[in-house]
>>> print(open('entry.pdb').read())   # PDB, C-alpha atoms
ATOM      1  CA  MET J   1      17.902  -7.860  46.238
ATOM      2  CA  SER J   2      20.624 -10.396  45.676
ATOM      3  CA  GLY J   3      23.352 -10.963  48.193
ATOM      4  CA  ALA J   4      26.620  -9.051  47.969
ATOM      5  CA  ARG J   5      29.626 -10.568  46.242
ATOM      6  CA  SER J   6      33.260  -9.766  47.022
ATOM      7  CA  GLU J   7      35.255  -8.109  44.227
ATOM      8  CA  GLY J   8      38.871  -7.503  45.162
ATOM      9  CA  GLY J   9      37.969  -7.542  48.834
ATOM     10  CA  VAL J  10      35.092  -5.060  48.382
ATOM     11  CA  ALA J  11      31.476  -6.156  48.819
ATOM     12  CA  VAL J  12      29.508  -5.691  45.600
ATOM     13  CA  SER J  13      25.710  -5.698  45.751
ATOM     14  CA  ALA J  14      24.958  -4.483  42.219
ATOM     15  CA  THR J  15      21.850  -5.593  40.387
ATOM     16  CA  ILE J  16      20.029  -4.652  37.200
ATOM     17  CA  ARG J  17      16.317  -4.265  36.626
ATOM     18  CA  ARG J  18      14.179  -3.120  33.752
ATOM     19  CA  LEU J  19      14.020   0.633  33.189
ATOM     20  CA  SER J  20      10.866   2.463  34.314
ATOM     21  CA  VAL J  21       9.643   5.955  33.441
ATOM     22  CA  ASP J  22       9.793   6.547  37.196
ATOM     23  CA  ASP J  23      13.605   6.375  36.859
ATOM     24  CA  VAL J  24      13.833   9.384  34.530
ATOM     25  CA  GLU J  25      14.542  12.013  37.179
ATOM     26  CA  GLU J  26      17.308   9.968  38.795
ATOM     27  CA  VAL J  27      18.845   8.954  35.465
ATOM     28  CA  THR J  28      18.805  12.570  34.238
ATOM     29  CA  ALA J  29      20.573  13.797  37.383
ATOM     30  CA  LEU J  30      23.174  11.044  37.021
ATOM     31  CA  LEU J  31      23.822  11.907  33.369
ATOM     32  CA  ARG J  32      24.293  15.584  34.229
ATOM     33  CA  GLU J  33      26.661  14.727  37.066
ATOM     34  CA  ASN J  34      28.718  12.432  34.814
ATOM     35  CA  ARG J  35      28.577  14.393  31.563
ATOM     36  CA  GLU J  36      32.306  15.131  31.452
ATOM     37  CA  PHE J  37      33.275  11.699  32.767
ATOM     38  CA  LEU J  38      31.279   9.842  30.087
ATOM     39  CA  ALA J  39      32.120  12.177  27.182
ATOM     40  CA  PRO J  40      35.189  10.224  25.877
ATOM     41  CA  TRP J  41      33.089   7.059  25.480
ATOM     42  CA  GLU J  42      29.789   8.476  24.184
ATOM     43  CA  PRO J  43      28.529  10.279  21.076
ATOM     44  CA  ALA J  44      28.707  14.066  21.414
ATOM     45  CA  ARG J  45      25.578  15.181  23.258
ATOM     46  CA  GLU J  46      23.738  18.499  22.977
ATOM     47  CA  ASP J  47      22.459  20.198  26.135
ATOM     48  CA  GLU J  48      18.938  19.029  25.301
ATOM     49  CA  TYR J  49      19.972  15.408  25.878
ATOM     50  CA  PHE J  50      20.467  16.169  29.581
ATOM     51  CA  GLN J  51      16.926  17.459  30.114
ATOM     52  CA  PRO J  52      14.209  15.385  31.827
ATOM     53  CA  ALA J  53      11.849  15.744  28.861
ATOM     54  CA  THR J  54      14.415  14.215  26.509
ATOM     55  CA  GLN J  55      15.196  11.384  28.899
ATOM     56  CA  LEU J  56      11.472  10.708  29.334
ATOM     57  CA  GLU J  57      11.098  10.448  25.558
ATOM     58  CA  ILE J  58      14.098   8.098  25.397
ATOM     59  CA  ALA J  59      12.691   5.954  28.213
ATOM     60  CA  ARG J  60       9.268   5.702  26.601
ATOM     61  CA  GLN J  61      10.777   4.754  23.244
ATOM     62  CA  SER J  62      13.027   2.175  24.906
ATOM     63  CA  LEU J  63      10.112   0.620  26.757
ATOM     64  CA  ASP J  64       8.029   0.551  23.579
ATOM     65  CA  ASP J  65      10.912  -1.213  21.817
ATOM     66  CA  HIS J  66      11.063  -3.628  24.771
ATOM     67  CA  ALA J  67       7.370  -4.397  24.408
ATOM     68  CA  GLN J  68       8.039  -5.186  20.738
ATOM     69  CA  GLY J  69      10.906  -7.527  21.674
ATOM     70  CA  ARG J  70      13.598  -5.325  20.156
ATOM     71  CA  THR J  71      15.485  -4.265  23.272
ATOM     72  CA  PHE J  72      15.965  -4.847  26.999
ATOM     73  CA  PRO J  73      16.535  -1.461  28.733
ATOM     74  CA  ALA J  74      17.820  -1.654  32.295
ATOM     75  CA  VAL J  75      19.182   0.453  35.105
ATOM     76  CA  ILE J  76      22.212  -0.619  37.141
ATOM     77  CA  LEU J  77      21.639  -0.438  40.894
ATOM     78  CA  ASP J  78      23.985  -0.282  43.850
ATOM     79  CA  ASP J  79      21.683  -1.260  46.680
ATOM     80  CA  ASP J  80      18.626   0.742  45.545
ATOM     81  CA  ALA J  81      20.455   3.709  44.007
ATOM     82  CA  ILE J  82      20.748   3.980  40.223
ATOM     83  CA  VAL J  83      24.428   4.158  39.261
ATOM     84  CA  GLY J  84      24.262   3.464  35.521
ATOM     85  CA  ARG J  85      22.383   2.144  32.520
ATOM     86  CA  LEU J  86      22.638  -1.073  30.514
ATOM     87  CA  THR J  87      20.797  -1.956  27.321
ATOM     88  CA  LEU J  88      20.514  -5.052  25.184
ATOM     89  CA  SER J  89      19.566  -3.588  21.804
ATOM     90  CA  GLY J  90      19.024  -4.747  18.258
ATOM     91  CA  ILE J  91      17.567  -8.056  19.411
ATOM     92  CA  THR J  92      17.376 -10.203  16.281
ATOM     93  CA  ARG J  93      15.581 -13.506  16.052
ATOM     94  CA  GLY J  94      15.503 -16.053  13.236
ATOM     95  CA  ALA J  95      18.841 -17.646  12.403
ATOM     96  CA  PHE J  96      20.854 -14.974  14.284
ATOM     97  CA  GLN J  97      19.391 -14.899  17.841
ATOM     98  CA  SER J  98      21.704 -12.066  18.853
ATOM     99  CA  ALA J  99      21.781  -8.682  20.583
ATOM    100  CA  ALA J 100      24.252  -5.860  21.193
ATOM    101  CA  MET J 101      25.089  -4.765  24.727
ATOM    102  CA  GLY J 102      25.994  -1.273  25.879
ATOM    103  CA  TYR J 103      26.394   0.087  29.401
ATOM    104  CA  TRP J 104      27.837   2.867  31.531
ATOM    105  CA  VAL J 105      28.473   3.317  35.239
ATOM    106  CA  SER J 106      28.880   6.613  37.067
ATOM    107  CA  GLU J 107      32.294   7.878  38.081
ATOM    108  CA  ARG J 108      31.537   7.436  41.783
ATOM    109  CA  ALA J 109      30.601   3.787  41.230
ATOM    110  CA  ASN J 110      33.631   2.951  39.086
ATOM    111  CA  GLY J 111      36.330   0.563  40.209
ATOM    112  CA  ARG J 112      34.117  -1.483  42.552
ATOM    113  CA  GLY J 113      33.126  -4.367  40.291
ATOM    114  CA  ILE J 114      29.632  -2.998  39.718
ATOM    115  CA  ALA J 115      29.891  -2.982  35.918
ATOM    116  CA  THR J 116      31.313  -6.523  35.963
ATOM    117  CA  ARG J 117      28.381  -7.820  37.988
ATOM    118  CA  ALA J 118      25.818  -5.872  35.955
ATOM    119  CA  VAL J 119      27.161  -7.389  32.737
ATOM    120  CA  SER J 120      27.003 -10.840  34.333
ATOM    121  CA  ALA J 121      23.348 -10.237  35.168
ATOM    122  CA  ALA J 122      22.647  -9.042  31.618
ATOM    123  CA  ILE J 123      24.236 -12.205  30.220
ATOM    124  CA  ALA J 124      21.892 -14.272  32.377
ATOM    125  CA  VAL J 125      18.903 -12.334  31.003
ATOM    126  CA  ALA J 126      20.125 -12.638  27.408
ATOM    127  CA  PHE J 127      20.747 -16.380  27.473
ATOM    128  CA  GLY J 128      18.003 -17.220  29.965
ATOM    129  CA  GLU J 129      14.870 -15.088  29.758
ATOM    130  CA  LEU J 130      15.485 -13.936  26.169
ATOM    131  CA  GLY J 131      16.837 -17.247  24.886
ATOM    132  CA  LEU J 132      19.528 -15.658  22.707
ATOM    133  CA  HIS J 133      22.550 -17.411  21.230
ATOM    134  CA  ARG J 134      24.978 -14.491  21.057
ATOM    135  CA  LEU J 135      25.853 -11.142  22.608
ATOM    136  CA  GLN J 136      28.053  -8.508  21.004
ATOM    137  CA  ALA J 137      29.777  -5.514  22.559
ATOM    138  CA  GLU J 138      32.340  -3.062  21.264
ATOM    139  CA  THR J 139      34.716  -0.520  22.750
ATOM    140  CA  VAL J 140      37.036   2.189  21.489
ATOM    141  CA  PHE J 141      40.680   1.167  21.769
ATOM    142  CA  ALA J 142      41.335   3.479  24.726
ATOM    143  CA  ASN J 143      38.549   2.060  26.907
ATOM    144  CA  ALA J 144      40.672  -0.473  28.775
ATOM    145  CA  ALA J 145      38.326  -0.537  31.780
ATOM    146  CA  SER J 146      35.362  -1.686  29.709
ATOM    147  CA  GLN J 147      37.542  -4.238  27.936
ATOM    148  CA  ARG J 148      38.460  -5.709  31.339
ATOM    149  CA  VAL J 149      34.786  -5.919  32.308
ATOM    150  CA  LEU J 150      34.002  -7.811  29.114
ATOM    151  CA  ALA J 151      36.992 -10.140  29.511
ATOM    152  CA  LYS J 152      36.009 -10.980  33.094
ATOM    153  CA  ASN J 153      32.614 -12.032  31.764
ATOM    154  CA  GLY J 154      34.049 -14.291  29.079
ATOM    155  CA  PHE J 155      33.714 -12.002  26.047
ATOM    156  CA  ARG J 156      36.364 -12.533  23.392
ATOM    157  CA  PRO J 157      37.608 -10.024  20.812
ATOM    158  CA  TYR J 158      36.981 -11.186  17.279
ATOM    159  CA  GLY J 159      37.751  -8.220  15.064
ATOM    160  CA  VAL J 160      38.242  -4.514  14.562
ATOM    161  CA  ALA J 161      35.709  -2.204  12.884
ATOM    162  CA  PRO J 162      37.402   0.883  11.382
ATOM    163  CA  ASP J 163      35.570   4.195  11.925
ATOM    164  CA  TYR J 164      32.719   2.210  13.481
ATOM    165  CA  LEU J 165      30.986   4.888  15.578
ATOM    166  CA  ARG J 166      31.245   8.660  15.960
ATOM    167  CA  ILE J 167      32.355   8.906  19.583
ATOM    168  CA  ASP J 168      33.378  12.128  21.345
ATOM    169  CA  GLY J 169      32.969  14.028  18.100
ATOM    170  CA  ARG J 170      35.062  11.866  15.781
ATOM    171  CA  TRP J 171      34.815   8.534  13.970
ATOM    172  CA  GLN J 172      36.721   5.934  15.944
ATOM    173  CA  ASP J 173      37.862   2.354  15.390
ATOM    174  CA  HIS J 174      36.289  -0.199  17.733
ATOM    175  CA  ILE J 175      37.298  -3.610  19.025
ATOM    176  CA  LEU J 176      34.443  -6.075  18.549
ATOM    177  CA  PHE J 177      33.700  -8.641  21.278
ATOM    178  CA  GLN J 178      31.245 -11.509  21.422
ATOM    179  CA  LEU J 179      29.992 -14.118  23.855
ATOM    180  CA  LEU J 180      28.077 -17.235  22.834
ATOM    181  CA  ALA J 181      25.517 -19.025  24.979
ATOM    182  CA  ASP J 182      27.707 -22.117  25.262
ATOM    183  CA  ASP J 183      30.897 -20.210  26.184
ATOM    184  CA  ASP J 184      32.392 -20.467  29.665
ATOM    185  CA  GLY J 185      31.474 -16.873  30.522
ATOM    186  CA  ALA J 186      27.812 -17.541  29.842
ATOM    187  CA  ALA J 187      27.874 -20.475  32.256
ATOM    188  CA  ARG J 188      29.263 -18.190  34.998
ATOM    189  CA  ALA J 189      26.572 -15.515  34.535
ATOM    190  CA  ASP J 190      24.774 -14.499  37.715
ATOM    191  CA  PRO J 191      20.971 -14.577  37.375
ATOM    192  CA  SER J 192      20.566 -13.523  41.018
ATOM    193  CA  ALA J 193      21.773 -10.025  40.101
ATOM    194  CA  SER J 194      18.804  -9.352  37.832
ATOM    195  CA  ARG J 195      15.380  -8.427  39.082
ATOM    196  CA  ARG J 196      12.176  -7.451  37.360
ATOM    197  CA  GLY J 197      11.171  -3.831  37.030
ATOM    198  CA  PRO J 198       7.902  -2.403  38.267
ATOM    199  CA  PRO J 199       4.938  -3.642  36.211
ATOM    200  CA  GLY J 200       2.625  -1.450  34.211
ATOM    201  CA  ARG J 201       4.997   1.486  33.727
ATOM    202  CA  ALA J 202       5.899   1.132  30.051
ATOM    203  CA  ALA J 203       4.626   4.571  29.055
TER     204      ALA J 203
END
>>> encode(input="entry.pdb", output="structure tokens")
Amino acid sequence: MSGARSEGGVAVSATIRRLSVDDVEEVTALLRENREFLAPWEPAREDEYFQPATQLEIARQSLDDHAQGRTFPAVILDDDAIVGRLTLSGITRGAFQSAAMGYWVSERANGRGIATRAVSAAIAVAFGELGLHRLQAETVFANAASQRVLAKNGFRPYGVAPDYLRIDGRWQDHILFQLLADDDGAARADPSASRRGPPGRAA
């Protein structure tokens, strides 16, 4: 575990680590608890999505994609408790060397700098372990909290995508953000907040 960092006078000890199938029960409970809280920022979800069997299938597929180098699925931890998820997806090599980042943090863990530190750790993984050149993230216009998290980590808005994703039951415009490996935010990324997941649990 990395040492705690102060965020607005509050000690923050958040880390990320690779997702494991052993996390499914805890992640499922967290999703159920935060279903209403996350709804404005997520695609509309059927009840089946919040069942352990569905989350196990999602975890197995994510870990298979990770083994193929297409994604980096992680859980966000506060001490040793899971408080959210973070994924680097669509990892593209060749001339692009880029990935897209998405994340969420539970309502109880909001406002404590946990998402900010988790994103910092993910940046360190992306530009360190994965050797990428670029990260992209996007938010709906109303998601000011996530925009602040990205800005604190050096992401810069570079465009708007009309009707980009169907979020909360309707197509919504998104602000597009990016961070390059040689940007200031990348240099400030915190590798100490990332730790490896348990080995041998990819299926």
>>> closest_residue(input="entry.pdb", among="J:Thr139, J:Gln178, J:Ser20, J:Ser62", to="Gly154 in chain J", atoms="all atoms listed in the file")
J:Gln178
>>> closest_residue(input="entry.pdb", among="J:Glu42, J:Asp64, J:Asp47, J:Glu36", to="Val21 in chain J", atoms="only C-alpha atoms")
J:Asp64
>>> residues_around(input="entry.pdb", residues="Thr87 in chain J", least_positions_apart="6", cutoff="8 Å", atoms="all atoms listed in the file", output="list of chain:residue names")
J:Thr71, J:Phe72, J:Pro73, J:Ala74, J:Met101, J:Gly102, J:Tyr103
>>> closest_atom_pairs(input="entry.pdb", of="range 48-83 of chain J", to="range 109-115 of chain J", cutoff="10 Å", atoms="all atoms listed in the file", output="Markdown table")
| residue | atom | partner | partner_atom | distance |
| --- | --- | --- | --- | --- |
| J:Ile76 | CA | J:Ala115 | CA | 8.1 |
| J:Leu77 | CA | J:Ile114 | CA | 8.5 |
| J:Asp78 | CA | J:Ile114 | CA | 7.5 |
| J:Ile82 | CA | J:Ala109 | CA | 9.9 |
| J:Val83 | CA | J:Ala109 | CA | 6.5 |
>>> atom_distance(input="entry.pdb", atom1="CA of Ala81 in chain J", atom2="CA of His66 in chain J")
22.6 Å
>>> resolve_selection(input="entry.pdb", expression="the PyMOL selection byres ((chain J and resi 168) around 12)", output="list in words")
Arg35, Glu36, Phe37, Leu38, Ala39, Pro40, Trp41, Glu42, Pro43, Ala44, Arg45, Glu46, Val140, Leu165, Arg166, Ile167, Gly169, Arg170, Trp171 and Gln172 of chain J
>>> resolve_selection(input="entry.pdb", expression="the PyMOL selection byres ((chain J and resi 147) around 12)", output="number ranges by chain")
J: 115-116, 119, 137-146, 148-157, 174-178
>>> resolve_selection(input="entry.pdb", expression="the PyMOL selection byres ((chain J and resi 50) around 7)", output="MDAnalysis selection string")
chainID J and resid 28 31:32 47:49 51:52
>>> closest_residue(input="entry.pdb", among="J:Ala67, J:Leu19, J:Leu135, J:Val160", to="Ala122 in chain J", atoms="only C-alpha atoms")
J:Leu135
>>> residues_near_point(input="entry.pdb", point="(20.7, 5.2, 33.2)", cutoff="6 Å", atoms="all atoms listed in the file", output="number ranges by chain")
J: 27, 75, 84-85
>>> closest_residue(input="entry.pdb", among="J:Leu132, J:Ala161, J:Leu30, J:Val24", to="Gly90 in chain J", atoms="all atoms listed in the file")
J:Leu132
>>> closest_residue(input="entry.pdb", among="J:Asp163, J:Glu107, J:Asp22, J:Glu129", to="Ala59 in chain J", atoms="all atoms listed in the file")
J:Asp22
>>> decode(input="entry.pdb", residues="range 145-174 of chain J", atoms="N, CA and C atoms", output="PDB file, in the first residue's frame")
ATOM      1  N   ALA J 145     -17.707  17.342 -11.841  1.00  0.00           N
ATOM      2  CA  ALA J 145     -16.784  16.709 -10.903  1.00  0.00           C
ATOM      3  C   ALA J 145     -15.718  15.904 -11.647  1.00  0.00           C
ATOM      4  N   SER J 146     -16.139  15.138 -12.646  1.00  0.00           N
ATOM      5  CA  SER J 146     -15.174  14.358 -13.408  1.00  0.00           C
ATOM      6  C   SER J 146     -14.264  15.261 -14.231  1.00  0.00           C
ATOM      7  N   GLN J 147     -14.798  16.355 -14.717  1.00  0.00           N
ATOM      8  CA  GLN J 147     -13.966  17.312 -15.461  1.00  0.00           C
ATOM      9  C   GLN J 147     -12.882  17.895 -14.566  1.00  0.00           C
ATOM     10  N   ARG J 148     -13.201  18.146 -13.292  1.00  0.00           N
ATOM     11  CA  ARG J 148     -12.193  18.653 -12.354  1.00  0.00           C
ATOM     12  C   ARG J 148     -11.113  17.610 -12.100  1.00  0.00           C
ATOM     13  N   VAL J 149     -11.515  16.350 -11.969  1.00  0.00           N
ATOM     14  CA  VAL J 149     -10.541  15.275 -11.765  1.00  0.00           C
ATOM     15  C   VAL J 149      -9.566  15.213 -12.932  1.00  0.00           C
ATOM     16  N   LEU J 150     -10.098  15.289 -14.145  1.00  0.00           N
ATOM     17  CA  LEU J 150      -9.236  15.237 -15.327  1.00  0.00           C
ATOM     18  C   LEU J 150      -8.306  16.449 -15.383  1.00  0.00           C
ATOM     19  N   ALA J 151      -8.857  17.628 -15.100  1.00  0.00           N
ATOM     20  CA  ALA J 151      -8.036  18.850 -15.150  1.00  0.00           C
ATOM     21  C   ALA J 151      -6.909  18.799 -14.127  1.00  0.00           C
ATOM     22  N   LYS J 152      -7.194  18.289 -12.933  1.00  0.00           N
ATOM     23  CA  LYS J 152      -6.156  18.187 -11.904  1.00  0.00           C
ATOM     24  C   LYS J 152      -5.022  17.263 -12.333  1.00  0.00           C
ATOM     25  N   ASN J 153      -5.330  16.329 -13.218  1.00  0.00           N
ATOM     26  CA  ASN J 153      -4.327  15.390 -13.703  1.00  0.00           C
ATOM     27  C   ASN J 153      -3.733  15.788 -15.047  1.00  0.00           C
ATOM     28  N   GLY J 154      -3.982  17.031 -15.463  1.00  0.00           N
ATOM     29  CA  GLY J 154      -3.331  17.554 -16.651  1.00  0.00           C
ATOM     30  C   GLY J 154      -4.034  17.318 -17.967  1.00  0.00           C
ATOM     31  N   PHE J 155      -5.209  16.664 -17.945  1.00  0.00           N
ATOM     32  CA  PHE J 155      -5.969  16.469 -19.182  1.00  0.00           C
ATOM     33  C   PHE J 155      -6.470  17.808 -19.704  1.00  0.00           C
ATOM     34  N   ARG J 156      -6.491  17.934 -21.017  1.00  0.00           N
ATOM     35  CA  ARG J 156      -6.961  19.164 -21.653  1.00  0.00           C
ATOM     36  C   ARG J 156      -8.109  18.856 -22.606  1.00  0.00           C
ATOM     37  N   PRO J 157      -9.158  19.681 -22.592  1.00  0.00           N
ATOM     38  CA  PRO J 157     -10.239  19.477 -23.564  1.00  0.00           C
ATOM     39  C   PRO J 157      -9.760  19.839 -24.962  1.00  0.00           C
ATOM     40  N   TYR J 158     -10.161  19.035 -25.938  1.00  0.00           N
ATOM     41  CA  TYR J 158      -9.729  19.334 -27.299  1.00  0.00           C
ATOM     42  C   TYR J 158     -10.860  19.290 -28.310  1.00  0.00           C
ATOM     43  N   GLY J 159     -12.077  19.050 -27.852  1.00  0.00           N
ATOM     44  CA  GLY J 159     -13.185  19.037 -28.803  1.00  0.00           C
ATOM     45  C   GLY J 159     -14.474  18.599 -28.153  1.00  0.00           C
ATOM     46  N   VAL J 160     -15.533  18.645 -28.938  1.00  0.00           N
ATOM     47  CA  VAL J 160     -16.852  18.203 -28.511  1.00  0.00           C
ATOM     48  C   VAL J 160     -17.357  17.181 -29.528  1.00  0.00           C
ATOM     49  N   ALA J 161     -17.891  16.069 -29.042  1.00  0.00           N
ATOM     50  CA  ALA J 161     -18.468  15.039 -29.905  1.00  0.00           C
ATOM     51  C   ALA J 161     -19.981  15.043 -29.732  1.00  0.00           C
ATOM     52  N   PRO J 162     -20.730  15.523 -30.723  1.00  0.00           N
ATOM     53  CA  PRO J 162     -22.195  15.558 -30.609  1.00  0.00           C
ATOM     54  C   PRO J 162     -22.790  14.145 -30.554  1.00  0.00           C
ATOM     55  N   ASP J 163     -23.783  13.965 -29.679  1.00  0.00           N
ATOM     56  CA  ASP J 163     -24.485  12.675 -29.574  1.00  0.00           C
ATOM     57  C   ASP J 163     -23.501  11.504 -29.525  1.00  0.00           C
ATOM     58  N   TYR J 164     -22.494  11.616 -28.695  1.00  0.00           N
ATOM     59  CA  TYR J 164     -21.361  10.685 -28.696  1.00  0.00           C
ATOM     60  C   TYR J 164     -21.719   9.325 -28.100  1.00  0.00           C
ATOM     61  N   LEU J 165     -22.388   9.342 -26.939  1.00  0.00           N
ATOM     62  CA  LEU J 165     -22.766   8.101 -26.263  1.00  0.00           C
ATOM     63  C   LEU J 165     -24.203   8.214 -25.746  1.00  0.00           C
ATOM     64  N   ARG J 166     -24.872   7.061 -25.678  1.00  0.00           N
ATOM     65  CA  ARG J 166     -26.224   7.017 -25.115  1.00  0.00           C
ATOM     66  C   ARG J 166     -26.106   6.823 -23.603  1.00  0.00           C
ATOM     67  N   ILE J 167     -26.215   7.917 -22.883  1.00  0.00           N
ATOM     68  CA  ILE J 167     -26.039   7.933 -21.434  1.00  0.00           C
ATOM     69  C   ILE J 167     -27.364   8.273 -20.769  1.00  0.00           C
ATOM     70  N   ASP J 168     -27.712   7.515 -19.726  1.00  0.00           N
ATOM     71  CA  ASP J 168     -28.954   7.744 -18.984  1.00  0.00           C
ATOM     72  C   ASP J 168     -30.159   7.766 -19.930  1.00  0.00           C
ATOM     73  N   GLY J 169     -30.116   6.907 -20.926  1.00  0.00           N
ATOM     74  CA  GLY J 169     -31.257   6.727 -21.807  1.00  0.00           C
ATOM     75  C   GLY J 169     -31.375   7.674 -22.982  1.00  0.00           C
ATOM     76  N   ARG J 170     -30.407   8.558 -23.180  1.00  0.00           N
ATOM     77  CA  ARG J 170     -30.494   9.470 -24.323  1.00  0.00           C
ATOM     78  C   ARG J 170     -29.093   9.774 -24.853  1.00  0.00           C
ATOM     79  N   TRP J 171     -29.021  10.057 -26.159  1.00  0.00           N
ATOM     80  CA  TRP J 171     -27.754  10.426 -26.777  1.00  0.00           C
ATOM     81  C   TRP J 171     -27.320  11.786 -26.260  1.00  0.00           C
ATOM     82  N   GLN J 172     -26.066  11.862 -25.811  1.00  0.00           N
ATOM     83  CA  GLN J 172     -25.595  13.102 -25.207  1.00  0.00           C
ATOM     84  C   GLN J 172     -24.255  13.532 -25.805  1.00  0.00           C
ATOM     85  N   ASP J 173     -24.103  14.870 -25.943  1.00  0.00           N
ATOM     86  CA  ASP J 173     -22.827  15.431 -26.364  1.00  0.00           C
ATOM     87  C   ASP J 173     -21.795  15.196 -25.260  1.00  0.00           C
ATOM     88  N   HIS J 174     -20.544  15.040 -25.669  1.00  0.00           N
ATOM     89  CA  HIS J 174     -19.448  14.829 -24.721  1.00  0.00           C
ATOM     90  C   HIS J 174     -18.296  15.776 -25.011  1.00  0.00           C
TER      91      HIS J 174
END
